[in-house]
Structures are given as structure tokens and as C-alpha cells.
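*Asks:* Handing you this structure, nothing more for now.
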Amino acid sequence: MIFSPRPKAKHQRLVLLLVAIAAMVGAVLLAMSAMKDQASYFYAPGDVVRRGLPLDRAVRIGGMVREGSLERLRDGTTIRFVVGDETEATIPVTFTGIVPDLFREGSGMVAEGRFRPDGSFVASEILAKHDENYMPPKLGPQGDRHESGTLE
Amino acid sequence: MHFLANPARFLKIARPLTPWLGWSGALLVAVGVGVGLFVAPPDYLQGESVRIIYIHVPAAWLGMAGWTGIALASLMQLVWRHPLAGVAARAIAVPGGVFAALCLATGSLWGRPTWGTYWEWDGRLTSMLILLFLYVAYGALANADRERGGEGRATAIFGLIGAINIPVIRYSVDWWRTLHQGKSIGVAGSSIDSAMLWPLLISALGFSLLFGAIVLMRMRADLARTKIEARLRRMAA
């Protein structure tokens with residue numbers, strides 16, 4: 001050892017720091033798991049079934065737009081579709097306005113808005129959610145549709 | 001690591017290594033980003049906006065790798081009192097912060113056409129913004145400490161504590177529901193088509209080498225400054 005004349009002190013510092021780091025990591029992991037619900041950016045349909053409808057405030061819901069569920073109402077600007085996730089649960093959503101280009105059936109989306117007591121959701125804003133797949137157009141959904149199973 | 005404890009020996013290696021890292025890094029970045037922008041295919045959903053990944057993803061990796069380096073150097077400084085560890089950690093802070101900022105800026109530009117928003121407070125975006133703030137705070141702390149001629153112990157402790165944010169960034173997309181997509185590249189493989197993946201990896205390697213060159217340059221400048229200050233003190237005495 002060139003730069004530490006007292007190996008014992010060095011050893012002490014190492015142990016002390018490792019204990020401190022372990023305690024810190026433990027504390028953060030506890031905080032993270034406690035924050036799991038609050039830190040989530042949106043509710044999936046399955047969460048809503050588990051936890052009940054949050055009627056009192058504006059919330060975000062997210063999931064996959066079900067194939068064949070997207071319809072445009074007669075006024076031309078209102079759309080209606082059904083959001084699902086990996087569970088059986090689904091939420092019917094209505095939205096009036098412009099959606100992002102990547103919003104489409106079979107893809108992920110996140111909507112901000114409010115639940116109505118009947119369980120349907122009125123969105124005030126819609127974001128498209130991209131998944132972790134990147135590929136050229138020729139391998140894309142012509143013929144075989146692109147599926148994504150994850151919501152995370 | 002121990003034989004590098006001598007700054008003279010370190011400089012003997014760092015001096016010729018800097019241009020090698022810098023130029024090979026610049027060349028690889030030119031190839032990776034060039035192929036990414038002009039040769040690689042567009043994405044089937046995102047279209048041309050996917051090309052931002054050739055900057056965004058390397059910037060995100062290096063922003064996180066930078067703080068990991070700061071934490072390791074801080075540990076070496078606190079435990080083994082390695083004389084160059086503090087120098088290295090301070091040298092990493094600026095390029096690390098620049099890459100974190102670049103990651104946020106490019107991600108925001110990509111988010112508008114893809115998600116439909118420049119910014120949302122989801123777990124991934126927020127934890128990455130915190131990383132940028134940590135870099136700024138680290139730089140301020142390191143500078144203040146250096147002006148006062150301190151040993152940099154507080155800076156090193158801050159470097160270690162801040163490392164907690166790195167796994168939070170990494171796993172934010174797994175722990176919480178986020179707007180940001182999950183990871184595409186893992187040990188098991190990648191969900192990025194190979195025509196897009198290889199320029200991305202070349203670009204990432206190139207930016208990493210550039211990062212190394214910048215760190216070495218800054219370490220050399222820092223050592224030179226220390227030498228000048230010592231000489232001025234001797235002359236004044």
C-alpha cells in the first residue's frame with residue numbers, strides 16, 4: 001500500500017462505509033416499495049377493479065386500446081374506445097379532441113380525466129404510449145399485427 | 001489502481017491516451033450517428049423520429065455511468081484515500097451532467113411527436129431530472145470545497161449518497177407504471193431490430209470513449225492547477 005500507512009484504519013473506514021451504504025439502500029428500497037402506488041403514473045384497468053373507482057379527483061388511466069373498439073361519434077371529434085390490460089378488466093373511454101399520431105388500436109395509451117359513477121372514463125387529454133419494440137416498417141404490422149403484452 | 005496513485009505515473013499514461021480515446025471516440029460517433037441518421041431504417045410506428053435514440057440512449061447511459069463512476073471514485077477516496085480519486089470524480093461531473101441534460105433534451109423532443117407531450121412527471125423522467133440536479137449540486141459542492149482548499153470529503157459523501165438514484169432510474173420502468181417505455185436492451189437480448197441496434201451500440205461506444213477523453217483532459221487540467229497553486233504558494237512564502 002503506497003498511500004495508506006495504516007491498513008487498520010482503512011479497514012475500519014471500509015466497514016463503516018459499507019454498513020452506511022447498506023442502511024441507505026435498505027431505507028430507499030423501503031421507501032420505493034411504500035411509494036409503489038403513489039409513484040405510478042397511471043392506473044391500469046386491473047388496478048381500478050382492485051382498488052375501486054377514484055371518483056373524487058382527476059386521475060390517469062393507461063392500457064392497451066382494444067382491437068375493434070375504437071369508434072368515432074357523429075360529431076366528428078369525439079372518440080370512444082375500450083382500454084384493457086393483462087387482466088380481464090376493461091374501461092370504456094370517451095374523449096373529445098385530437099389524439100397523438102401514435103394513438104391506435106392495439107397500442108398503449110395514457111388518458112387523463114375523471115371516472116363517471118357508471119365506471120366509464122371521460123378523458124380530457126390522451127397520450128400515446130410507446131413500447132420497447134423498435135423495427136423497420138417492412139417487419140411491422142402489415143399482415144401480422146404488432147402485439148405488446150406489457151404496460152410498464 | 002494502486003500504481004496510478006502517483007500523479008506523475010498517471011500523467012505518463014493519461015497524456016498519450018487522451019488523443020487516442022478522443023479521436024477514436026469521435027470517429028465511432030460519426031459512424032454510429034451517421035449510419036443512424038442516414039442509413040438505418042425508420043421505425044414502423046414512430047417513423048423518422050426514432051433516429052433520436054442514436055444520441056438519446058448513449059446520453060442516458062453515460063449520464064448514469066458518470067454518476068456510477070463518481071460513486072466508485074468517492075468510495076476509493078473515502079476508504080483508501082486514493083490521491084487521484086477525488087480528481088477523477090470531479091472530472092466526471094461536468095461531462096456526466098452534460099450527457100444527462102442531453103438525454104432529457106432529446107427525450108423531450110422525441111416525446112412531443114410520439115407521446116404527444118414534451119414532459120410528464122412519470123417515474124423515469126422525474127428520476128432522470130433528479131440526476132441532472134444532483135450533477136449541478138455536486139459541481140457546486142466540489143467547486144466550493146476546492147476553493148476553500150478542503151479535502152473534498154463532503155463532496156465524496158454526496159457522491160456516494162447520490163448513487164442511490166441510479167438504480168431508481170434503472171428500475172423505475174419496472175417498479176412503477178410509467179409513460180416511458182420499458183427497457184429494450186437487456187442481458188437476454190434486445191427488442192430493437194438489428195439494423196437499428198448496431199449503429200446504436202457503435203454510437204454508445206464512441207460517446208463512451210469521448211467521455212473518457214474528456215475526463216482525462218479534465219483530470220490533467222485539475223492536476224496542473226494544483227501544481228500551479230502549490231508553486232505560487234511556495235513563491236509567496
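Chain labels run A, B, ... following the order of the C-alpha cells; each chain numbers its residues from 1, and ligands are numbered from 1 in the order shown.
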Please report as CSV every residue of chain A lying within 6 Å of chain B, along with the nearest atom pair and their distance in Å (one decimal), using only C-alpha atoms.
*Replies:*
residue,atom,partner,partner_atom,distance
A:Lys10,CA,B:Val79,CA,5.7
A:Arg13,CA,B:Val79,CA,5.4
A:Leu14,CA,B:Val79,CA,5.4
A:Ser40,CA,B:Trp176,CA,4.8
A:Tyr41,CA,B:Thr178,CA,5.2
A:Pro100,CA,B:Gly116,CA,5.3
A:Leu127,CA,B:Trp115,CA,5.2
A:Ala128,CA,B:Trp115,CA,4.5
A:Lys129,CA,B:Trp115,CA,5.8
A:His130,CA,B:Gln181,CA,5.9
A:Asp131,CA,B:Gln181,CA,5.0
A:Glu132,CA,B:Ser184,CA,5.1
A:Asn133,CA,B:Ser191,CA,5.0
A:Tyr134,CA,B:Ile192,CA,4.6
A:Met135,CA,B:Asp193,CA,4.9
A:Pro136,CA,B:Asp43,CA,4.7
A:Pro137,CA,B:Tyr44,CA,3.8
A:Gly140,CA,B:Tyr44,CA,5.5
A:Glu152,CA,B:Arg177,CA,4.8
*Asks:* Using only C-alpha atoms, which protein or nucleic acid residues come within 10 Å of B:Leu28? Drop anything in the same chain fewer than 2 positions from it, and give the result as a list of chain:residue names.
*Replies:*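 My list of contacting residues is B:Trp23, B:Ser24, B:Gly25, B:Ala26, B:Ala30, B:Val31, B:Gly32, B:Val33, B:Gly34, B:Pro199, B:Leu201, B:Ile202, B:Ser203, B:Ala204, B:Leu205, B:Gly206, B:Phe207, B:Ser208, B:Leu209, B:Leu210.
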*Asks:* Restricted to C-alpha atoms, what would the selected residues look like written as a PDB file, in the first residue's frame?
*Replies:*
ATOM      1  CA  TRP B  23     -10.170  10.625 -31.914  1.00  0.00           C
ATOM      2  CA  SER B  24     -11.356   7.010 -31.942  1.00  0.00           C
ATOM      3  CA  GLY B  25     -14.424   8.137 -29.988  1.00  0.00           C
ATOM      4  CA  ALA B  26     -15.139  10.937 -32.459  1.00  0.00           C
ATOM      5  CA  ALA B  30     -19.503   9.873 -36.596  1.00  0.00           C
ATOM      6  CA  VAL B  31     -20.046   6.325 -37.902  1.00  0.00           C
ATOM      7  CA  GLY B  32     -22.762   5.392 -35.407  1.00  0.00           C
ATOM      8  CA  VAL B  33     -24.737   8.622 -35.630  1.00  0.00           C
ATOM      9  CA  GLY B  34     -24.124   8.931 -39.386  1.00  0.00           C
ATOM     10  CA  PRO B 199     -25.331   1.794 -35.102  1.00  0.00           C
ATOM     11  CA  LEU B 201     -24.076   0.356 -29.972  1.00  0.00           C
ATOM     12  CA  ILE B 202     -21.299   1.913 -32.092  1.00  0.00           C
ATOM     13  CA  SER B 203     -22.554   5.370 -31.195  1.00  0.00           C
ATOM     14  CA  ALA B 204     -22.685   4.414 -27.490  1.00  0.00           C
ATOM     15  CA  LEU B 205     -19.119   3.065 -27.609  1.00  0.00           C
ATOM     16  CA  GLY B 206     -17.942   6.224 -29.388  1.00  0.00           C
ATOM     17  CA  PHE B 207     -19.589   8.544 -26.871  1.00  0.00           C
ATOM     18  CA  SER B 208     -18.072   6.462 -24.052  1.00  0.00           C
ATOM     19  CA  LEU B 209     -14.556   6.872 -25.471  1.00  0.00           C
ATOM     20  CA  LEU B 210     -15.169  10.618 -25.885  1.00  0.00           C
TER      21      LEU B 210
END
*Asks:* If I take atom CA of B:His56 and atom CA of B:Gly69, how far is one from the other in Å, to one decimal?
*Replies:*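 Pair atom CA of B:His56 / atom CA of B:Gly69 returns 19.8 Å.
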*Asks:* Expressed in Å to a single decimal, how great is the separation between atom CA of B:Leu125 and atom CA of A:Pro45?
*Replies:*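 Straight-line distance from atom CA of B:Leu125 to atom CA of A:Pro45 works out to 23.1 Å.
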*Asks:* Leaving out A:Val49 and any residue of its chain fewer than 3 positions from it, which residues lie within 10 Å of it when counting only C-alpha atoms, given as a PDB file with N, CA, C and O atoms, in the first residue's frame?
*Replies:*
ATOM      1  N   TYR A  43     -53.295   4.475 -13.495  1.00  0.00           N
ATOM      2  CA  TYR A  43     -53.961   3.243 -13.079  1.00  0.00           C
ATOM      3  C   TYR A  43     -54.213   2.386 -14.307  1.00  0.00           C
ATOM      4  O   TYR A  43     -54.675   2.891 -15.328  1.00  0.00           O
ATOM      5  N   ALA A  44     -53.933   1.096 -14.189  1.00  0.00           N
ATOM      6  CA  ALA A  44     -54.356   0.165 -15.234  1.00  0.00           C
ATOM      7  C   ALA A  44     -55.761  -0.301 -14.876  1.00  0.00           C
ATOM      8  O   ALA A  44     -56.161  -0.217 -13.718  1.00  0.00           O
ATOM      9  N   PRO A  45     -56.519  -0.792 -15.864  1.00  0.00           N
ATOM     10  CA  PRO A  45     -57.875  -1.257 -15.565  1.00  0.00           C
ATOM     11  C   PRO A  45     -57.914  -2.250 -14.403  1.00  0.00           C
ATOM     12  O   PRO A  45     -58.822  -2.192 -13.564  1.00  0.00           O
ATOM     13  N   GLY A  46     -56.913  -3.147 -14.329  1.00  0.00           N
ATOM     14  CA  GLY A  46     -56.869  -4.101 -13.228  1.00  0.00           C
ATOM     15  C   GLY A  46     -56.749  -3.426 -11.869  1.00  0.00           C
ATOM     16  O   GLY A  46     -57.350  -3.858 -10.884  1.00  0.00           O
ATOM     17  N   GLY A  52     -61.044   0.026  -6.536  1.00  0.00           N
ATOM     18  CA  GLY A  52     -62.268   0.815  -6.617  1.00  0.00           C
ATOM     19  C   GLY A  52     -62.069   2.046  -7.472  1.00  0.00           C
ATOM     20  O   GLY A  52     -60.941   2.426  -7.781  1.00  0.00           O
ATOM     21  N   LEU A  53     -63.160   2.688  -7.854  1.00  0.00           N
ATOM     22  CA  LEU A  53     -63.083   3.841  -8.743  1.00  0.00           C
ATOM     23  C   LEU A  53     -62.706   5.089  -7.960  1.00  0.00           C
ATOM     24  O   LEU A  53     -63.377   5.446  -7.007  1.00  0.00           O
ATOM     25  N   THR A  87     -55.191  -8.145 -17.386  1.00  0.00           N
ATOM     26  CA  THR A  87     -56.295  -8.782 -16.668  1.00  0.00           C
ATOM     27  C   THR A  87     -57.553  -8.731 -17.540  1.00  0.00           C
ATOM     28  O   THR A  87     -57.530  -8.270 -18.663  1.00  0.00           O
ATOM     29  N   GLU A  88     -58.672  -9.230 -16.960  1.00  0.00           N
ATOM     30  CA  GLU A  88     -59.940  -9.221 -17.690  1.00  0.00           C
ATOM     31  C   GLU A  88     -60.550  -7.835 -17.733  1.00  0.00           C
ATOM     32  O   GLU A  88     -61.419  -7.545 -18.554  1.00  0.00           O
ATOM     33  N   ALA A  89     -60.106  -6.949 -16.814  1.00  0.00           N
ATOM     34  CA  ALA A  89     -60.778  -5.667 -16.630  1.00  0.00           C
ATOM     35  C   ALA A  89     -60.631  -4.761 -17.844  1.00  0.00           C
ATOM     36  O   ALA A  89     -59.596  -4.757 -18.510  1.00  0.00           O
ATOM     37  N   THR A  90     -61.680  -4.007 -18.118  1.00  0.00           N
ATOM     38  CA  THR A  90     -61.626  -3.024 -19.194  1.00  0.00           C
ATOM     39  C   THR A  90     -62.308  -1.748 -18.726  1.00  0.00           C
ATOM     40  O   THR A  90     -63.115  -1.763 -17.797  1.00  0.00           O
ATOM     41  N   ILE A  91     -61.968  -0.638 -19.358  1.00  0.00           N
ATOM     42  CA  ILE A  91     -62.602   0.647 -19.071  1.00  0.00           C
ATOM     43  C   ILE A  91     -63.049   1.267 -20.388  1.00  0.00           C
ATOM     44  O   ILE A  91     -62.232   1.419 -21.299  1.00  0.00           O
ATOM     45  N   GLY A 119     -68.640   3.821 -14.135  1.00  0.00           N
ATOM     46  CA  GLY A 119     -67.405   3.103 -14.438  1.00  0.00           C
ATOM     47  C   GLY A 119     -66.775   3.500 -15.754  1.00  0.00           C
ATOM     48  O   GLY A 119     -65.682   3.048 -16.078  1.00  0.00           O
TER      49      GLY A 119
END
*Asks:* Just give me the gap between atom CA of B:Ala156 and atom CA of B:Ser74 in Å, one decimal is fine.
*Replies:*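 Those two atoms sit 4.6 Å apart.
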*Asks:* Find the residues near A:Gly62: any atom within 7 Å, counting only C-alpha atoms, skip ones fewer than 2 places away on the same chain, and give them as a list in words.
*Replies:*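 The filter keeps Phe42, Tyr43, Ala44, Arg60, Met109, Val110 and Ala111 of chain A.
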*Asks:* Using DSSP on the backbone, list every residue of stretch 1-121 of chain B that comes out as alpha helix (DSSP H), and give them as number ranges by chain.
*Replies:* B: 7-38, 53-80, 85-114
*Asks:* Tell me, which residues of chain A carry DSSP strand (DSSP E or B), written as a VMD selection string?
*Replies:* chain A and resid 43 59 to 65 71 to 72 78 to 84 90 to 96 108 to 115 121 to 129 134
